[in-house]
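Peer 1: I'd like to ask you about the structure that follows.
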Amino acid sequence: MALLGTLKGFGVTEIFQLISQQMKTGSLVLTSQNAKVIIAFMDGMIQGLTSDKWEMDPRADILLKGGFINEKELRAAFENEKKNQAHWHEILISKGKLQQTFLDKATQVVIRTTLLDVFQWGEGIYRFEDWDLGTEGLLTCNLPTEAMILDTLRSIDEWPLIKPKIPPVEYCPVTITPLTEEHVKIYDLSSVDTHIFDLIDGDKSVETVVRESLETPYDALHAFVKLIDAGLVEVFPRGAKDQRAVSLAKVTFFRYLKVAAVYTSLILCIAALLLVGKPRVLHLFDVPTLKEQFHDQRQLAEQYATLGITPSALSKGMYGR
């Protein structure tokens, strides 16, 4: 049974939820003023999509800009694709010029980016058919619809908070400190966050790191913001390595300053206790030495001898009284 309507009356989120909950199989056609996107479903799961905005396979452009394939090899693969049944990526993989893992990552980037765009459509029409439309150029996947909806809506909600913090894409990111397991736990870093951190080498721009990561632009830029907020990464205009040295020196200075403050506070506390409490330990310094005591006794004996008083006589007098 076909479903038909406008996106003003029934939003994209509600359409996807209905298809997922009723475990529909078929094709959803979404049309706006700028594009037409077709999403294939099987038992409520997203199986792939295509868009009329793609003049060529969008994965090729992502892999080319990321440096995973070169332009000459890609052009040759497209030429061979016209001559036989094999697709350009199959040709490159068979020749060892492209890894299947990179192709799969590029597929996920295209699908997730397209869905993120579609979910923000406010106008257009939709049509769902209970059969496969047999679309050509469909990028296949196997995504749980409910999880995709939640992830996409989260990205849309967080974007206004992240956007003002995004560094200029032409700037050069640098790492301030090595990444440890403690950092990962404290700042709750995801696999995407650590992947972005590992790609930073002090020479690549933010844009280059995003392309080489094979993550969606949103996920990669979100990782940058998170790493910068954690104080693990800073960005500077390209070539400003002296600023990195200043930052490293600043971090080291404050680290030592923090340790010094702890020890200083401890010493001041001990001093305060000694001055206020007047403990016995202070009186140990007032006890005369043995040499001083013998000297005093010798002077007393000499004084008694001068007066003609002996110790024994002194004792008898005392007992007599």
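By convention here, the chains of the structure tokens are called A, B, ... in the order presented, each chain's residues are numbered starting at 1, and ligands are numbered starting at 1 in the order presented.
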Give me, as a CSV table (one decimal) with C-alpha atoms, in the first residue's frame, all polymer residues having an atom no more than 6 Å from Thr216 in chain A, counting only C-alpha atoms and skipping those fewer than 2 positions away in the same chain.
Peer 2:
chain,number,residue,atom,x,y,z
A,109,VAL,CA,30.0,8.8,5.3
A,218,TYR,CA,30.0,16.5,11.7
A,219,ASP,CA,31.7,13.6,13.7
Peer 1: Name all residues at most 9 Å from His89 in chain A (count only C-alpha atoms; drop same-chain ones fewer than 6 positions away) and give them as a VMD selection string.
Peer 2: chain A and resid 60 74 77 to 78 98 100 103
Peer 1: Write a file of the just-selected residues containing N, CA and C atoms, as an mmCIF file, in the first residue's frame.
Peer 2:
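Below is the file that was written, again.cif:
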data_model
loop_
_atom_site.group_PDB
_atom_site.id
_atom_site.type_symbol
_atom_site.label_atom_id
_atom_site.label_comp_id
_atom_site.auth_asym_id
_atom_site.auth_seq_id
_atom_site.Cartn_x
_atom_site.Cartn_y
_atom_site.Cartn_z
ATOM 1 N N ALA A 60 33.849 8.138 -4.624
ATOM 2 C CA ALA A 60 35.094 8.366 -5.357
ATOM 3 C C ALA A 60 35.700 9.704 -4.973
ATOM 4 N N LEU A 74 41.913 6.560 -10.703
ATOM 5 C CA LEU A 74 40.457 6.671 -10.691
ATOM 6 C C LEU A 74 39.919 6.913 -12.098
ATOM 7 N N ALA A 77 40.005 3.742 -13.978
ATOM 8 C CA ALA A 77 38.975 2.812 -13.512
ATOM 9 C C ALA A 77 37.612 3.177 -14.090
ATOM 10 N N PHE A 78 37.316 4.476 -14.196
ATOM 11 C CA PHE A 78 36.043 4.900 -14.795
ATOM 12 C C PHE A 78 35.990 4.548 -16.284
ATOM 13 N N LEU A 98 42.955 -0.089 -3.903
ATOM 14 C CA LEU A 98 41.972 0.393 -2.932
ATOM 15 C C LEU A 98 41.608 -0.744 -1.987
ATOM 16 N N GLN A 100 38.983 -2.547 0.652
ATOM 17 C CA GLN A 100 37.540 -2.632 0.849
ATOM 18 C C GLN A 100 37.106 -1.866 2.097
ATOM 19 N N LEU A 103 36.550 1.731 1.283
ATOM 20 C CA LEU A 103 35.330 1.900 0.496
ATOM 21 C C LEU A 103 34.100 1.840 1.403
#
Peer 1: What's around range 36-43 of chain A at 7 Å? Count only C-alpha atoms, leave out sequence neighbours fewer than 5 positions away in its own chain, and write the answer as a list in words.
Peer 2: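 Contacts, in chain order: Met23, Lys24, Thr25, Gly26, Ser27, Leu28, Val29, Leu30, Thr31, Gly48, Leu49, Thr50, Ser51 and Asp52 of chain A.
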Peer 1: Write the selection just made, keeping N, CA and C atoms, as an mmCIF file, in the first residue's frame?
Peer 2:
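Output (out06.cif):
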data_model
loop_
_atom_site.group_PDB
_atom_site.id
_atom_site.type_symbol
_atom_site.label_atom_id
_atom_site.label_comp_id
_atom_site.auth_asym_id
_atom_site.auth_seq_id
_atom_site.Cartn_x
_atom_site.Cartn_y
_atom_site.Cartn_z
ATOM 1 N N MET A 23 7.721 -2.329 10.264
ATOM 2 C CA MET A 23 8.646 -3.237 9.586
ATOM 3 C C MET A 23 8.338 -3.328 8.094
ATOM 4 N N LYS A 24 8.223 -2.183 7.468
ATOM 5 C CA LYS A 24 7.877 -2.103 6.062
ATOM 6 C C LYS A 24 9.062 -2.479 5.176
ATOM 7 N N THR A 25 8.750 -2.992 4.015
ATOM 8 C CA THR A 25 9.744 -3.272 2.973
ATOM 9 C C THR A 25 9.315 -2.533 1.705
ATOM 10 N N GLY A 26 10.238 -1.744 1.182
ATOM 11 C CA GLY A 26 9.909 -0.974 -0.007
ATOM 12 C C GLY A 26 10.848 0.204 -0.153
ATOM 13 N N SER A 27 10.421 1.211 -0.897
ATOM 14 C CA SER A 27 11.261 2.369 -1.188
ATOM 15 C C SER A 27 10.540 3.652 -0.819
ATOM 16 N N LEU A 28 11.265 4.523 -0.112
ATOM 17 C CA LEU A 28 10.738 5.824 0.274
ATOM 18 C C LEU A 28 11.378 6.876 -0.628
ATOM 19 N N VAL A 29 10.540 7.653 -1.318
ATOM 20 C CA VAL A 29 11.022 8.705 -2.209
ATOM 21 C C VAL A 29 10.734 10.048 -1.560
ATOM 22 N N LEU A 30 11.797 10.805 -1.266
ATOM 23 C CA LEU A 30 11.668 12.138 -0.677
ATOM 24 C C LEU A 30 12.122 13.164 -1.709
ATOM 25 N N THR A 31 11.255 14.148 -1.963
ATOM 26 C CA THR A 31 11.554 15.142 -2.998
ATOM 27 C C THR A 31 11.414 16.544 -2.433
ATOM 28 N N GLY A 48 19.809 1.036 1.993
ATOM 29 C CA GLY A 48 20.608 1.819 1.056
ATOM 30 C C GLY A 48 19.861 3.047 0.601
ATOM 31 N N LEU A 49 20.557 3.902 -0.136
ATOM 32 C CA LEU A 49 19.915 5.111 -0.666
ATOM 33 C C LEU A 49 20.665 5.618 -1.899
ATOM 34 N N THR A 50 20.017 6.513 -2.600
ATOM 35 C CA THR A 50 20.616 7.172 -3.755
ATOM 36 C C THR A 50 20.029 8.576 -3.871
ATOM 37 N N SER A 51 20.694 9.442 -4.611
ATOM 38 C CA SER A 51 20.243 10.824 -4.765
ATOM 39 C C SER A 51 20.496 11.281 -6.198
ATOM 40 N N ASP A 52 19.577 12.102 -6.715
ATOM 41 C CA ASP A 52 19.759 12.588 -8.083
ATOM 42 C C ASP A 52 20.796 13.714 -8.139
#
Peer 1: Identify, with DSSP run on backbone atoms, the residues in range 10-228 of chain A assigned to strand (DSSP E), and express the list as a PyMOL selection string.
Peer 2: chain A and resi 26-31+36-42+45-51+125-129+139-143+172-175
Peer 1: Pick out the closest residue to Phe197 in chain A from this set: A:Thr175, A:Ser155, A:Thr101, A:Asn80. Count only C-alpha atoms.
Peer 2: A:Thr175
Peer 1: At a cut-off of 12 Å, using only C-alpha atoms, what residues contact Phe16 in chain A? Leave out same-chain residues fewer than 2 positions from it and give the result as a ChimeraX atom specification.
Peer 2: /A:7,10-14,18-25,27-30,39-41,44-46,115,118-119,126-128,144-150,152
Peer 1: Using only C-alpha atoms, which residues sit within 9 Å of Lys8 in chain A once same-chain residues fewer than 3 positions away are excluded, as a list in words?
Peer 2: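 Within the cut-off, the hits are Gly5, Gly11, Gly122, Glu123, Gly124 and Ile125 of chain A.
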Peer 1: What does the distance between CA of Thr107 in chain A and CA of Asp151 in chain A come to in Å, to one decimal place?
Peer 2: 17.1 Å
Peer 1: DSSP on the backbone: which residues in range 118-214 of chain A end up as helix (DSSP H, G or I)? Give the answer as a ChimeraX atom specification.
Peer 2: /A:118,145-165,181-186,191-199,206-213
Peer 1: Skip Asp203 in chain A itself and residues of its chain fewer than 6 positions away, then list as a PyMOL selection string all residues within 9 Å of it, counting only C-alpha atoms.
Peer 2: chain A and resi 172-174+238-239
Peer 1: Out of A:Glu73, A:Asp104, A:Asp157, A:Glu79, which residue has the shortest atom-to-atom distance to Cys141 in chain A when counting only C-alpha atoms?
Peer 2: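 Looking at the shortest contact to Cys141 in chain A, the residue is A:Asp104.
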Peer 1: Env of range 177-192 of chain A: 9 Å cut, atoms = only C-alpha atoms, seq-sep filter 6 positions within chain, self excluded. Answer as a ChimeraX atom specification.
Peer 2: /A:198,213,215,219-220,223,226-227,230-233,248,251
